[in-house]
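Novice: Contents of work_7.cif (mmCIF, C-alpha atoms):
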data_work
loop_
_atom_site.label_atom_id
_atom_site.label_comp_id
_atom_site.auth_asym_id
_atom_site.auth_seq_id
_atom_site.Cartn_x
_atom_site.Cartn_y
_atom_site.Cartn_z
CA MET A 765 146.03 169.94 231.15
CA GLU A 766 149.19 169.99 229.02
CA SER A 767 152.09 167.89 230.20
CA ARG A 768 155.39 169.59 230.88
CA ILE A 769 158.64 168.99 228.98
CA VAL A 770 162.12 169.45 230.41
CA THR A 771 164.08 172.07 228.51
CA ARG A 772 166.80 174.60 229.39
CA GLN A 773 167.35 178.20 230.28
CA GLY A 774 170.11 180.21 228.62
CA ASP A 775 172.35 179.51 231.61
CA GLY A 776 171.87 175.75 231.17
CA SER A 777 169.59 175.17 234.15
CA ALA A 778 166.62 172.85 233.66
CA VAL A 779 163.09 174.20 233.41
CA SER A 780 159.76 172.55 232.51
CA LEU A 781 157.48 174.08 229.90
CA THR A 782 154.35 172.93 228.11
CA ARG A 783 154.33 172.56 224.33
CA SER A 784 152.27 175.75 224.11
CA GLU A 785 154.77 177.60 226.24
CA LEU A 786 157.63 176.36 224.07
CA ARG A 787 155.84 177.64 220.99
CA SER A 788 155.43 181.02 222.65
CA GLU A 789 159.14 181.08 223.46
CA LEU A 790 160.02 180.38 219.83
CA GLU A 791 157.59 183.00 218.55
CA GLU A 792 158.86 185.62 220.99
CA GLY A 793 162.48 184.80 220.15
CA THR A 794 162.06 185.26 216.43
CA ARG A 795 159.96 188.38 216.98
CA ALA A 796 162.63 189.92 219.20
CA ALA A 797 165.38 189.26 216.65
CA ALA A 798 163.29 190.48 213.73
CA ALA A 799 162.67 193.77 215.47
CA ARG A 800 166.32 194.20 216.45
CA ALA A 801 167.83 193.04 213.15
CA ARG A 802 165.07 194.45 210.92
CA ALA A 803 164.95 190.98 209.39
CA PRO A 804 162.01 188.71 208.57
CA GLU A 805 160.69 186.44 211.30
CA LEU A 806 161.15 182.69 210.85
CA LEU A 807 158.50 181.05 208.69
CA ALA A 808 155.64 179.05 210.19
CA ASP A 809 157.03 175.71 209.01
CA GLU A 810 160.43 176.58 210.45
CA LEU A 811 158.87 177.37 213.81
CA ASP A 812 156.89 174.13 213.63
CA HIS A 813 160.10 172.20 213.04
CA LEU A 814 161.85 173.95 215.92
CA LEU A 815 158.88 173.14 218.13
CA ASP A 816 159.20 169.46 217.25
CA ILE A 817 162.89 169.60 218.17
CA PHE A 818 162.33 171.35 221.49
CA ALA A 819 159.14 169.53 222.48
CA SER A 820 160.82 166.16 222.12
CA ARG A 821 161.49 164.38 225.40
CA ALA A 822 164.61 162.73 223.93
CA ARG A 823 167.91 163.33 225.69
CA PHE A 824 169.63 163.99 222.37
CA SER A 825 168.68 165.36 218.98
CA ALA A 826 170.53 165.06 215.66
CA VAL A 827 170.30 165.95 211.99
CA ASP A 828 168.99 163.45 209.47
CA ILE A 829 171.51 160.97 208.07
CA GLY A 830 173.01 162.64 205.01
CA ASP A 831 172.57 166.18 206.33
CA GLU A 832 175.86 166.27 208.23
CA VAL A 833 177.98 169.42 208.01
CA VAL A 834 181.63 170.32 208.46
CA LEU A 835 182.59 171.15 212.02
CA SER A 836 185.47 173.58 212.48
CA PHE A 837 186.62 172.88 216.02
CA ASP A 838 188.28 176.01 217.35
CA GLY A 839 190.14 176.01 220.64
CA SER A 840 190.72 172.25 220.35
CA GLY A 841 191.98 170.62 223.51
CA THR A 842 191.86 170.75 227.28
CA PRO A 843 194.58 170.15 229.91
CA GLN A 844 193.33 166.61 230.60
CA GLN A 845 194.32 165.59 227.09
CA GLY A 846 198.05 166.04 227.56
CA SER A 847 200.04 168.40 225.38
CA ARG A 848 198.36 170.71 222.87
CA VAL A 849 199.40 168.51 219.98
CA ASP A 850 198.35 165.33 221.83
CA ALA A 851 194.91 166.93 222.09
CA LEU A 852 194.76 167.55 218.34
CA VAL A 853 195.58 163.89 217.69
CA GLN A 854 192.77 162.90 220.05
CA TYR A 855 190.35 165.25 218.29
CA GLU A 856 191.22 163.50 215.04
CA GLN A 857 191.41 159.90 216.22
CA CYS A 858 188.82 159.84 219.02
CA LEU A 859 186.35 162.70 218.58
CA GLY A 860 185.59 162.61 214.86
CA ALA A 861 186.70 166.20 214.32
CA ASP A 862 186.58 167.49 210.74
CA THR A 863 189.20 170.15 211.54
CA CYS A 864 191.12 171.14 214.64
CA GLU A 865 192.89 174.22 215.89
CA LEU A 866 196.23 174.87 217.53
CA PHE A 867 196.03 177.85 219.84
CA HIS A 868 197.84 179.55 222.69
CA ILE A 869 195.90 179.99 225.92
CA ASP A 870 196.27 183.79 225.70
CA TYR A 871 194.48 183.59 222.32
CA SER A 872 195.64 187.03 221.17
CA PHE A 873 197.73 187.76 218.07
CA LYS A 874 199.56 190.48 220.00
CA ALA A 875 200.56 188.04 222.73
CA VAL A 876 201.51 185.32 220.26
CA LYS A 877 203.79 187.68 218.33
CA THR A 878 206.44 187.40 221.06
CA ILE A 879 206.46 183.59 221.03
CA VAL A 880 205.67 182.91 217.41
CA GLY A 881 208.79 180.78 216.95
CA SER A 882 207.58 178.34 219.61
CA GLU A 883 204.12 178.33 218.09
CA GLN A 884 205.62 177.51 214.70
CA GLN A 885 207.45 174.56 216.23
CA ALA A 886 204.19 173.32 217.75
CA MET A 887 202.47 173.69 214.37
CA LYS A 888 205.24 171.73 212.69
CA GLU A 889 204.77 168.91 215.20
CA ALA A 890 201.00 169.06 214.74
CA GLN A 891 201.36 168.76 210.98
CA GLU A 892 203.60 165.73 211.43
CA ARG A 893 201.06 163.97 213.63
CA VAL A 894 197.65 165.05 212.33
CA THR A 895 195.98 164.39 208.98
CA ILE A 896 192.85 166.56 209.33
CA PRO A 897 193.24 170.31 208.60
CA VAL A 898 194.82 172.34 211.40
CA HIS A 899 193.87 175.97 211.91
CA TYR A 900 195.90 178.38 213.99
CA GLY A 901 193.55 180.60 215.94
CA ALA A 902 193.71 183.81 217.95
CA GLN A 903 191.74 187.01 218.46
CA PRO A 904 192.40 190.46 216.94
CA ASP A 905 192.01 191.71 220.50
CA LEU A 906 192.38 195.42 219.73
CA GLY A 907 191.98 196.47 223.34
CA ARG A 908 195.47 195.11 224.06
CA TYR A 909 196.92 198.01 222.10
CA SER A 910 195.49 200.63 224.47
CA HIS A 911 196.89 201.87 227.77
CA PRO A 912 198.01 200.32 230.07
CA ASP A 913 198.70 197.21 227.97
CA GLY A 914 199.74 198.99 224.77
CA PRO A 915 201.01 202.24 223.33
CA CYS A 916 197.69 203.79 222.21
CA GLY A 917 195.28 205.93 224.14
CA ASN A 918 192.51 204.03 225.93
CA TRP A 919 189.28 204.72 224.07
CA SER A 920 187.26 203.12 226.84
CA GLU A 921 188.42 205.97 229.08
CA LEU A 922 188.41 208.68 226.42
CA LEU A 923 184.86 208.03 225.20
CA PRO A 924 183.11 208.50 228.58
CA ALA A 925 185.13 211.72 228.96
CA MET A 926 183.65 212.87 225.62
CA ARG A 927 187.13 213.12 224.08
CA ILE A 928 185.75 211.62 220.89
CA ASP A 929 188.43 212.73 218.44
CA GLU A 930 191.19 211.37 220.67
CA ALA A 931 189.33 208.09 221.11
CA ARG A 932 189.00 207.72 217.35
CA ALA A 933 192.64 208.58 216.75
CA ALA A 934 193.70 206.01 219.36
CA GLN A 935 191.68 203.31 217.64
CA GLU A 936 193.08 204.22 214.23
CA GLN A 937 196.60 203.97 215.62
CA ALA A 938 195.76 200.60 217.20
CA ILE A 939 194.40 199.28 213.90
CA GLU A 940 197.74 199.84 212.18
CA LEU A 941 199.63 198.00 214.92
CA ALA A 942 197.14 195.13 215.13
CA VAL A 943 197.09 194.55 211.38
CA LYS A 944 200.86 194.37 211.33
CA ASP A 945 200.90 191.83 214.18
CA MET A 946 198.12 189.69 212.75
CA VAL A 947 199.69 189.53 209.30
CA HIS A 948 203.07 188.69 210.84
CA VAL A 949 201.77 185.90 213.08
CA ALA A 950 199.41 184.45 210.48
CA ALA A 951 202.12 184.42 207.83
CA GLU A 952 204.60 182.73 210.15
CA MET A 953 202.08 180.07 211.18
CA TYR A 954 201.03 179.44 207.57
CA GLU A 955 204.62 179.02 206.52
CA ALA A 956 205.08 176.55 209.41
CA GLY A 957 202.31 174.45 207.89
CA ALA A 958 198.97 175.75 209.17
CA ASP A 959 196.14 174.86 206.82
CA GLY A 960 194.21 177.94 207.84
CA ILE A 961 194.09 180.93 210.15
CA ASN A 962 191.13 181.61 212.42
CA PHE A 963 190.42 185.23 213.32
CA ASP A 964 188.19 184.52 216.30
CA THR A 965 185.75 186.97 217.92
CA ALA A 966 186.42 189.64 215.31
CA GLY A 967 184.81 192.92 216.30
CA ALA A 968 184.96 192.16 220.02
CA ALA A 969 186.34 195.66 220.64
CA GLY A 970 184.01 197.25 218.09
CA ASP A 971 184.23 198.47 214.52
CA ALA A 972 187.97 199.25 214.74
CA ASP A 973 188.67 195.68 215.89
CA PHE A 974 186.63 194.36 212.97
CA LEU A 975 188.35 196.64 210.45
CA ALA A 976 191.76 195.48 211.68
CA ALA A 977 190.73 191.86 211.07
CA LEU A 978 189.42 192.67 207.58
CA LEU A 979 192.58 194.52 206.58
CA ALA A 980 194.72 191.64 207.87
CA VAL A 981 192.64 189.19 205.84
CA GLU A 982 192.98 191.36 202.75
CA ARG A 983 196.77 191.51 203.03
CA LEU A 984 197.11 187.81 203.75
CA ARG A 985 194.92 186.88 200.81
CA ALA A 986 197.06 189.00 198.50
CA LYS A 987 200.18 187.24 199.75
CA TYR A 988 198.82 183.69 200.11
CA PRO A 989 196.13 182.83 197.52
CA ALA A 990 195.54 179.31 198.92
CA MET A 991 195.44 180.15 202.63
CA GLY A 992 192.34 179.07 204.51
CA ILE A 993 191.03 182.10 206.39
CA MET A 994 188.13 181.89 208.81
CA VAL A 995 186.62 184.99 210.40
CA GLY A 996 184.38 184.31 213.38
CA MET A 997 182.47 187.20 214.87
CA ALA A 998 182.12 188.33 218.47
CA SER A 999 178.44 189.24 218.42
CA GLU A 1000 175.39 189.89 216.27
CA VAL A 1001 175.97 193.64 215.89
CA VAL A 1002 179.32 195.39 215.37
CA LEU A 1003 179.64 198.05 218.05
CA GLY A 1004 180.45 201.55 216.87
CA THR A 1005 183.26 202.36 219.27
CA HIS A 1006 184.72 204.50 216.48
CA GLY A 1007 181.59 205.01 214.46
CA GLN A 1008 183.04 206.29 211.19
CA LEU A 1009 185.11 203.37 209.94
CA GLU A 1010 184.34 201.81 206.59
CA TYR A 1011 185.58 198.85 204.60
CA CYS A 1012 185.32 199.33 200.82
CA GLY A 1013 182.57 201.89 201.31
CA THR A 1014 180.60 199.90 203.88
CA ARG A 1015 180.23 201.45 207.32
CA LEU A 1016 181.14 198.79 209.86
CA ALA A 1017 179.37 200.11 212.94
CA GLY A 1018 176.01 198.43 213.31
CA LEU A 1019 176.67 195.66 210.79
CA LYS A 1020 174.62 192.54 211.40
CA PRO A 1021 175.39 189.04 210.05
CA GLU A 1022 174.25 189.77 206.50
CA GLY A 1023 176.51 192.81 206.22
CA GLN A 1024 179.31 191.18 208.19
CA CYS A 1025 179.32 188.24 205.79
CA CYS A 1026 179.55 190.55 202.77
CA VAL A 1027 182.63 192.41 203.98
CA VAL A 1028 184.30 189.27 205.28
CA GLN A 1029 184.03 187.52 201.93
CA ASP A 1030 185.01 190.68 200.03
CA ALA A 1031 188.18 190.87 202.15
CA GLY A 1032 189.13 187.37 200.99
CA ALA A 1033 188.15 185.03 203.82
CA THR A 1034 187.06 181.50 202.96
CA ILE A 1035 184.77 180.87 205.96
CA TYR A 1036 182.50 183.29 207.85
CA GLY A 1037 181.23 182.59 211.35
CA PRO A 1038 178.25 184.55 212.68
CA ALA A 1039 177.96 184.76 216.47
CA ILE A 1040 174.67 185.55 218.18
CA THR A 1041 174.95 186.01 221.91
CA VAL A 1042 172.71 184.27 224.43
CA ASN A 1043 170.31 185.86 226.88
CA THR A 1044 170.77 183.69 229.97
CA SER A 1045 167.44 184.68 231.50
CA ARG A 1046 165.48 183.32 228.52
CA THR A 1047 165.07 179.71 227.42
CA VAL A 1048 167.26 177.94 224.89
CA ALA A 1049 164.23 177.73 222.60
CA TRP A 1050 163.84 181.52 222.70
CA ASN A 1051 167.56 181.99 222.12
CA VAL A 1052 167.71 179.56 219.20
CA ALA A 1053 164.77 181.21 217.46
CA ARG A 1054 166.42 184.59 218.00
CA ALA A 1055 169.81 183.37 216.75
CA LEU A 1056 168.41 181.74 213.63
CA THR A 1057 166.44 184.86 212.76
CA PHE A 1058 169.57 186.98 213.06
CA MET A 1059 171.67 184.59 210.96
CA LYS A 1060 169.20 183.60 208.26
CA PRO A 1061 169.69 186.66 206.00
CA CYS A 1062 173.42 186.00 205.69
CA MET A 1063 172.77 182.59 204.14
CA ASP A 1064 171.35 184.29 201.05
CA VAL A 1065 174.32 186.60 200.46
CA ALA A 1066 177.07 184.13 201.35
CA ARG A 1067 179.41 183.07 198.55
CA ILE A 1068 181.68 181.33 201.06
CA PRO A 1069 180.83 178.69 203.68
CA VAL A 1070 178.99 179.89 206.77
CA HIS A 1071 179.98 178.18 210.03
CA ALA A 1072 177.61 179.32 212.76
CA ASN A 1073 179.25 179.83 216.15
CA VAL A 1074 177.57 177.44 218.56
CA GLY A 1075 179.94 177.34 221.49
CA MET A 1076 179.32 178.38 225.05
CA GLY A 1077 177.01 181.39 225.12
CA VAL A 1078 176.44 181.84 221.38
CA GLY A 1079 174.01 180.47 218.81
CA GLY A 1080 171.54 179.45 221.51
CA VAL A 1081 174.00 177.20 223.37
CA PRO A 1082 173.77 177.83 227.11
CA MET A 1083 176.26 180.16 228.74
CA ASN A 1084 177.85 177.42 230.78
CA ALA A 1085 181.25 175.73 230.44
CA PHE A 1086 179.58 172.36 231.02
CA SER A 1087 176.55 172.59 228.79
CA PRO A 1088 174.00 169.75 228.85
CA VAL A 1089 174.06 167.75 225.63
CA ASP A 1090 170.28 167.90 225.29
CA ALA A 1091 170.57 171.65 224.76
CA VAL A 1092 173.75 171.61 222.66
CA SER A 1093 172.47 168.92 220.31
CA ARG A 1094 169.21 170.81 219.75
CA CYS A 1095 171.11 173.99 218.88
CA SER A 1096 173.37 172.02 216.55
CA ARG A 1097 170.46 170.41 214.75
CA ALA A 1098 168.40 173.60 214.57
CA CYS A 1099 171.19 175.50 212.79
CA VAL A 1100 171.62 172.76 210.21
CA ASP A 1101 167.96 172.00 209.63
CA VAL A 1102 166.65 175.57 209.43
CA LEU A 1103 169.59 177.59 208.10
CA LYS A 1104 171.27 174.90 205.97
CA VAL A 1105 174.63 176.14 207.23
CA ASP A 1106 177.85 174.87 205.65
CA GLY A 1107 179.29 174.08 209.03
CA LEU A 1108 179.42 174.89 212.70
CA MET B 159 182.23 175.94 216.85
CA GLY B 160 183.17 177.37 220.24
CA SER B 161 184.33 176.74 223.77
CA GLY B 162 183.05 174.37 226.43
CA ASP B 163 184.03 171.06 228.02
CA THR B 164 184.96 168.20 225.73
CA PHE B 165 181.87 166.08 226.35
CA GLY B 166 179.37 168.92 226.25
CA MET B 167 180.70 170.73 223.21
CA PRO B 168 182.86 168.97 220.58
CA ILE B 169 181.49 165.49 221.27
CA ALA B 170 177.86 166.66 221.40
CA HIS B 171 178.16 168.61 218.15
CA ALA B 172 180.13 165.86 216.40
CA VAL B 173 177.46 163.28 217.21
CA ALA B 174 174.56 165.63 216.42
CA SER B 175 175.68 167.05 213.10
CA GLY B 176 179.35 166.40 212.20
CA MET B 177 180.79 164.59 209.19
CA ASN B 178 182.94 162.25 211.30
CA GLY B 179 186.29 163.70 210.28
CA LEU B 180 188.93 161.08 209.54
CA ARG B 181 186.41 158.33 210.41
CA ALA B 182 184.69 159.24 207.13
CA ALA B 183 185.35 162.18 204.76
CA GLY B 184 184.73 165.20 206.94
CA ASP B 185 188.31 166.40 206.71
CA LEU B 186 188.26 166.22 202.92
CA VAL B 187 185.11 168.32 202.62
CA ALA B 188 186.53 170.71 205.20
CA ARG B 189 189.68 171.17 203.12
CA LEU B 190 187.68 172.38 200.13
CA GLU B 191 185.66 174.77 202.29
CA MET B 192 188.82 176.15 203.90
CA ALA B 193 191.16 176.36 200.94
CA LYS B 194 188.73 177.25 198.18
CA GLY B 195 185.84 178.84 200.03
CA MET B 196 183.62 176.21 198.45
CA ARG B 197 180.14 175.94 199.91
CA LEU B 198 179.03 172.67 201.48
CA THR B 199 176.88 171.22 198.70
CA GLN B 200 179.53 171.77 196.06
CA ALA B 201 182.33 170.60 198.35
CA LYS B 202 180.50 167.37 199.13
CA ARG B 203 179.81 166.76 195.44
CA THR B 204 183.43 167.44 194.50
CA VAL B 205 184.81 165.08 197.14
CA ALA B 206 182.31 162.35 196.26
CA GLU B 207 183.28 162.54 192.58
CA ALA B 208 186.98 162.47 193.41
CA LEU B 209 186.52 159.40 195.61
CA GLY B 210 184.08 157.65 193.27
CA VAL B 211 181.39 157.35 195.95
CA GLY B 212 177.95 158.84 196.49
CA VAL B 213 177.43 162.05 198.45
CA ALA B 214 175.46 160.03 200.97
CA ASP B 215 178.55 157.89 201.64
CA LEU B 216 180.74 160.78 202.75
CA ALA B 217 179.75 160.62 206.43
CA ASP B 218 179.45 156.83 206.48
CA PRO B 219 182.40 155.42 208.45
CA LEU B 220 182.11 151.91 207.00
CA VAL B 221 182.24 152.99 203.37
CA MET B 222 184.86 155.64 203.92
CA HIS B 223 187.12 153.47 206.06
CA GLU B 224 187.59 151.14 203.11
CA VAL B 225 187.95 153.92 200.54
CA ARG B 226 190.47 155.80 202.64
CA GLY B 227 192.50 152.65 203.08
CA GLU B 228 192.54 151.90 199.36
CA LEU B 229 193.48 155.46 198.39
CA ARG B 230 195.96 155.87 201.27
CA LEU B 231 194.26 158.95 202.65
CA GLY B 232 194.86 158.12 206.31
CA ARG B 233 192.29 156.72 208.70
CA VAL B 234 191.57 156.10 212.36
CA PHE B 235 192.64 152.95 214.10
CA GLU B 236 191.73 151.26 217.36
CA LEU B 237 193.19 148.67 219.69
CA GLU B 238 192.24 145.52 217.79
CA THR B 239 192.25 146.98 214.29
CA THR B 240 195.62 148.52 213.57
CA TYR B 241 197.11 149.58 210.26
CA PRO B 242 200.89 149.66 210.59
CA HIS B 243 201.29 149.95 206.83
CA ASP B 244 198.93 152.92 206.45
CA PRO B 245 200.55 156.18 205.35
CA SER B 246 201.94 158.73 207.75
CA PRO B 247 199.96 161.96 208.09
CA GLN B 248 202.39 163.67 205.71
CA GLU B 249 201.98 161.00 203.04
CA ALA B 250 198.22 160.92 203.53
CA LYS B 251 198.01 164.69 203.10
CA ALA B 252 200.07 164.54 199.92
CA SER B 253 197.56 162.00 198.58
CA ILE B 254 194.66 164.22 199.65
CA ARG B 255 196.19 167.28 197.98
CA ALA B 256 196.64 165.37 194.74
CA LEU B 257 193.14 163.91 194.92
CA LEU B 258 191.43 167.26 195.50
CA GLY B 259 193.72 169.40 193.38
CA LEU B 260 194.91 171.50 196.29
CA GLY B 261 198.14 173.45 195.88
#
As structure tokens, what does this structure read like?
Specialist:
Amino acid sequence: MESRIVTRQGDGSAVSLTRSELRSELEEGTRAAAARARAPELLADELDHLLDIFASRARFSAVDIGDEVVLSFDGSGTPQQGSRVDALVQYEQCLGADTCELFHIDYSFKAVKTIVGSEQQAMKEAQERVTIPVHYGAQPDLGRYSHPDGPCGNWSELLPAMRIDEARAAQEQAIELAVKDMVHVAAEMYEAGADGINFDTAGAAGDADFLAALLAVERLRAKYPAMGIMVGMASEVVLGTHGQLEYCGTRLAGLKPEGQCCVVQDAGATIYGPAITVNTSRTVAWNVARALTFMKPCMDVARIPVHANVGMGVGGVPMNAFSPVDAVSRCSRACVDVLKVDGL
Amino acid sequence: MGSGDTFGMPIAHAVASGMNGLRAAGDLVARLEMAKGMRLTQAKRTVAEALGVGVADLADPLVMHEVRGELRLGRVFELETTYPHDPSPQEAKASIRALLGLG
């Protein structure tokens, strides 16, 4: 009888599986992603390696010495660490962070626009106290531009009412406003010393949200040739809330990591971050195999660094604010070993 | 990377796969990825050549602690090992920009 190995569910809870069951989870995960993404399944040797990682009884797993990658730490800091800038210093001096990120808790460019002067002052202080690169991060957050929070029609209400043309027009209006805000905030933060701008969870509100981020990147790149620009995605497939939007001839609705990476780098970003969401009712092994299968095709088309999103609820990492390190470390290692990512 | 508590997310990832930041040369490699869109292999090679070390040394805190001190690139300190004459972050970043040819 096979012995059982402690592993994790997608919500972080512990579960015991046999080695054979873990292999089945990995095979089912890659098969599910391949069918959804129309991408190749992981190779046999890759699945074997993942099985070795997940069938280990060790509390922690890590890449081989020499295989380390750059970690872009978004959302750096928690209230226990003191002020936001104190937290960045701790990330540098105590946590071994390769980069860090100043951010406002609202994490929306639209919200930051009204307090950008204060954010610039915080960035100035951060640059005086921190040596590692400091990003400024926020989300495109297109939904904020719709009623009742913004001036545009609410496409989430218009679409179910089958008022398709109005929903599309509302999104197009929101794109113009969002691009203007993102370019304004990013430019101000860059001129206050930010080493890079992080457009986080791009596409969260669908293809219009993603297009707004791409247009902002394009305009910023034209204005600031040396600006670091990171675009992290919201999920594995861009939702077609508009359905007809294109960037340089590429339809955005339905884009998966390979296509997302192409338009992100064409727009002028310097780092692309794929995000593959977690199914909490499946195991971490299943989720990691699924995530890697989704992300693998983008590694071949990438001309810029790929930093896989491996925070709470993406990239196989459990959907839990207090994730167990046995699961997180396995996800971290799996991305590096199998995908050869440039960072996380 | 992503969100989560400090122990479970940034610390776990940093120990599992990170380049050690200012403890080694992770920030230098990161700067080339960010500013020039340089992929990891090339960025590591470029930093290693600029520092006069091997690529394998870039995440080694012992090697890099000495190199960073000599080149005044900034470094971490702790209670019993302080460096009052090390450069400020601004001076360190000026040295890093010159070393890596960043504008």
Novice: Hey, which of B:Gly212, B:Val221, B:Ala256, B:Gly232 ends up closest to chain A? Count all atoms listed in the file.
Specialist: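 Nearest to chain A: B:Gly232.
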Novice: Give me, as JSON, numbers by chain, the contact residues of chain A against chain B at a cut-off of 7 Å, counting all atoms listed in the file.
Specialist: {"A": [825, 826, 827, 830, 832, 833, 834, 835, 836, 837, 838, 839, 856, 857, 859, 860, 861, 862, 863, 892, 893, 894, 895, 896, 897, 960, 990, 991, 992, 993, 1034, 1035, 1068, 1069, 1073, 1074, 1075, 1076, 1085, 1086, 1087, 1088, 1089, 1092, 1093, 1096, 1097, 1106, 1108]}
Novice: Considering only C-alpha atoms, can you say which of A:Val876, A:Cys1095, A:Val1065, A:Cys1012 comes closest to Gly1077 (chain A)?
Specialist: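 Nearest candidate to Gly1077 (chain A) out of A:Val876, A:Cys1095, A:Val1065, A:Cys1012: A:Cys1095.
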Novice: Quick one: everything within 12 Å of region 910-917 of chain A, counting all atoms listed in the file, minus sequence neighbours fewer than 5 positions away in the same chain. Send it as a PyMOL selection string.
Specialist: chain A and resi 874-875+905+922-923+927-942+969
Novice: What does the structure give for the distance between CA of Thr965 (chain A) and CA of Pro904 (chain A), in Å to one decimal?
Specialist: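 Pair CA of Thr965 (chain A) / CA of Pro904 (chain A) returns 7.6 Å.
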Novice: Kindly give the distance, in Å, that separates CA of Val981 (chain A) and CA of Asp1064 (chain A), rounded to a single decimal.
Specialist: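 Going from CA of Val981 (chain A) over to CA of Asp1064 (chain A) covers 22.4 Å.
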Novice: What gap, in Å, lies between CA of Arg823 (chain A) and CA of Arg772 (chain A)?
Specialist: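 It comes out at 11.9 Å.
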Novice: A:Pro1021, A:Gly1004, A:Gly907, A:Gly1037: which is nearest Phe963 (chain A), counting only C-alpha atoms?
Specialist: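 Closest residue, counting only C-alpha atoms: A:Gly1037.
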Novice: Leaving out region 796-813 of chain A and any residue of its chain fewer than 5 positions from it, which residues lie within 6 Å of it when counting only C-alpha atoms, given as a list in words?
Specialist: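 Skipping anything fewer than 5 positions along the chain leaves Arg1054, Thr1057 and Phe1058 of chain A.
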Novice: What do you get, as a ChimeraX atom specification, if you spell out every residue that the PyMOL selection byres ((chain A and resi 945-950) around 10) selects here?
Specialist: /A:872-881,883-884,900-904,939-944,951-956,958,960-963,976-977,979-984,987,991,993
Novice: Would you save the residues from that selection as an mmCIF file, keeping the file's coordinate frame, using C-alpha atoms?
Specialist:
data_model
loop_
_atom_site.group_PDB
_atom_site.id
_atom_site.type_symbol
_atom_site.label_atom_id
_atom_site.label_comp_id
_atom_site.auth_asym_id
_atom_site.auth_seq_id
_atom_site.Cartn_x
_atom_site.Cartn_y
_atom_site.Cartn_z
ATOM 1 C CA SER A 872 195.640 187.030 221.170
ATOM 2 C CA PHE A 873 197.730 187.760 218.070
ATOM 3 C CA LYS A 874 199.560 190.480 220.000
ATOM 4 C CA ALA A 875 200.560 188.040 222.730
ATOM 5 C CA VAL A 876 201.510 185.320 220.260
ATOM 6 C CA LYS A 877 203.790 187.680 218.330
ATOM 7 C CA THR A 878 206.440 187.400 221.060
ATOM 8 C CA ILE A 879 206.460 183.590 221.030
ATOM 9 C CA VAL A 880 205.670 182.910 217.410
ATOM 10 C CA GLY A 881 208.790 180.780 216.950
ATOM 11 C CA GLU A 883 204.120 178.330 218.090
ATOM 12 C CA GLN A 884 205.620 177.510 214.700
ATOM 13 C CA TYR A 900 195.900 178.380 213.990
ATOM 14 C CA GLY A 901 193.550 180.600 215.940
ATOM 15 C CA ALA A 902 193.710 183.810 217.950
ATOM 16 C CA GLN A 903 191.740 187.010 218.460
ATOM 17 C CA PRO A 904 192.400 190.460 216.940
ATOM 18 C CA ILE A 939 194.400 199.280 213.900
ATOM 19 C CA GLU A 940 197.740 199.840 212.180
ATOM 20 C CA LEU A 941 199.630 198.000 214.920
ATOM 21 C CA ALA A 942 197.140 195.130 215.130
ATOM 22 C CA VAL A 943 197.090 194.550 211.380
ATOM 23 C CA LYS A 944 200.860 194.370 211.330
ATOM 24 C CA ALA A 951 202.120 184.420 207.830
ATOM 25 C CA GLU A 952 204.600 182.730 210.150
ATOM 26 C CA MET A 953 202.080 180.070 211.180
ATOM 27 C CA TYR A 954 201.030 179.440 207.570
ATOM 28 C CA GLU A 955 204.620 179.020 206.520
ATOM 29 C CA ALA A 956 205.080 176.550 209.410
ATOM 30 C CA ALA A 958 198.970 175.750 209.170
ATOM 31 C CA GLY A 960 194.210 177.940 207.840
ATOM 32 C CA ILE A 961 194.090 180.930 210.150
ATOM 33 C CA ASN A 962 191.130 181.610 212.420
ATOM 34 C CA PHE A 963 190.420 185.230 213.320
ATOM 35 C CA ALA A 976 191.760 195.480 211.680
ATOM 36 C CA ALA A 977 190.730 191.860 211.070
ATOM 37 C CA LEU A 979 192.580 194.520 206.580
ATOM 38 C CA ALA A 980 194.720 191.640 207.870
ATOM 39 C CA VAL A 981 192.640 189.190 205.840
ATOM 40 C CA GLU A 982 192.980 191.360 202.750
ATOM 41 C CA ARG A 983 196.770 191.510 203.030
ATOM 42 C CA LEU A 984 197.110 187.810 203.750
ATOM 43 C CA LYS A 987 200.180 187.240 199.750
ATOM 44 C CA MET A 991 195.440 180.150 202.630
ATOM 45 C CA ILE A 993 191.030 182.100 206.390
#
Novice: Go through A:Asn1043, A:Met994, A:Pro1038, A:Asp971 one by one, measure the shortest atom-to-atom distance of each to Thr1014 (chain A) using all atoms listed in the file, and give the residue with the smallest value.
Specialist: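 Of A:Asn1043, A:Met994, A:Pro1038, A:Asp971, the one nearest Thr1014 (chain A), counting all atoms listed in the file, is A:Asp971.
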